[in-house]
Amino acid sequence: MALSQRLQLLINRNDEGYVIRSHRDPLALMYWNIVFEHHQGLLFLLQNHYPAPAFALLRILQEAAFRLIVVMNGTENQFVSIKTDTYKTDFVEVGKLIDQKLESGPIVQLRTQDTIKALHGFTHGGPHQLTRQFCKLDDSLNIMSNFSDSEIRGLVNETIPIVSLTAAFTTEFFNMVTENSTALQLLDEHVRSMVTA
C-alpha cells in the first residue's frame with residue numbers, strides 16, 4: 001500500500017491547488033483519484049482476507065486507468081464521449097495507445113486481448129471467480145474463497161504497473177518533471193524487485 005500512496009501523493013501533495021491549463025485537466029484529476037482509490041481499496045481487501053472482491057476490482061481499476069489515458073491522450077471525440085458518459089472502453093484500442101506512448105511493440109494491446117475475458121469473469125461472477133469459491137478440506141467440500149498465495153501475489157504484481165504507468169503518464173501530462181522522474185524510478189525499482197524475486 002505504501003507504494004500506491006507514494007505514487008498518489010506525487011500529484012495530491014500540491015497544497016496550493018491546481019492551475020487548470022486545459023479543459024481535460026479536471027477530468028484527468030478525477031480519474032487520477034479514482035485509480036488510486038480503487039488500487040488502495042483492492043489492497044485493503046487483500047490485507048483483510050477478502051480476495052473475491054479484490055479480484056473483481058482489477059477490471060474496474062484497469063478501466064479507470066485506461067479512461068484516464070484516453071482523457072489525456074485520446075481524440076477530442078473520445079474525450080467528449082467520456083465526459084458525456086457514452087464512452088465504452090475499448091481495451092484493445094487503449095492498449096495500442098499505451099504501446100505507442102511507450103514506443104513498444106504490441107505488448108499491452110495483445111496482453112489486453114488475452115485477459116479481457118478473465119477480467120470480466122472476476123468482476124461479474126463468471127467461471128474465473130466461481131471456481132475459487134470452493135475449498136476441499138479433508139473429505140468435505142466447503143464454500144469459501146480459495147485463492148492461492150501465488151494468485152494473490154500475482155494480483156498485487158499485476159496492479160503495480162497499472163498505477164505506476166498511470167503516475168508516469170499523468171505527471172508527464174501535467175508537465176510535472178520531478179514527479180514524473182520519481183514515478184519512473186518507482187516503476188523501475190518494482191520491475192527490478194520482480195526480476196530478483
# chains A, B, ... in the order shown; residues from 1 in each chain; ligands from 1
call {"tool": "residues_around", "arguments": {"residues": "region 79-88 of chain A", "least_positions_apart": "2", "cutoff": "9 Å", "atoms": "only C-alpha atoms", "output": "number ranges by chain"}}
result
A: 24, 27, 67, 70-77, 90
call {"tool": "write_last_selection", "arguments": {"atoms": "C-alpha atoms", "output": "tab-separated table (two decimals), in the first residue's frame"}}
result
chain	number	residue	atom	x	y	z
A	24	ARG	CA	-9.07	17.96	-19.97
A	27	LEU	CA	-11.50	15.03	-15.64
A	67	ARG	CA	-10.12	6.06	-19.30
A	70	VAL	CA	-7.92	8.43	-23.12
A	71	VAL	CA	-8.81	11.67	-21.29
A	72	MET	CA	-5.19	12.79	-21.52
A	73	ASN	CA	-4.20	11.38	-24.93
A	74	GLY	CA	-7.31	10.41	-26.85
A	75	THR	CA	-9.08	12.26	-29.59
A	76	GLU	CA	-11.45	15.10	-28.78
A	77	ASN	CA	-14.40	12.86	-29.69
A	90	ASP	CA	-12.08	-0.40	-25.99
call {"tool": "residues_around", "arguments": {"residues": "Glu37 (chain A)", "least_positions_apart": "6", "cutoff": "12 Å", "atoms": "only C-alpha atoms", "output": "ChimeraX atom specification"}}
result
/A:1,4-5,7-8,30-31,43-44,57,60-61,64-65,163
call {"tool": "closest_residue", "arguments": {"among": "A:Glu179, A:Thr166, A:Arg59, A:Thr89", "to": "Val35 (chain A)", "atoms": "only C-alpha atoms"}}
result
A:Thr166
call {"tool": "atom_distance", "arguments": {"atom1": "CA of Gly41 (chain A)", "atom2": "CA of Ile69 (chain A)"}}
result
20.8 Å
call {"tool": "residues_around", "arguments": {"residues": "Leu9 (chain A)", "least_positions_apart": "4", "cutoff": "12 Å", "atoms": "only C-alpha atoms", "output": "MDAnalysis selection string"}}
result
chainID A and resid 2:5 13:15 32:33 36 167 171 179:180 182:183
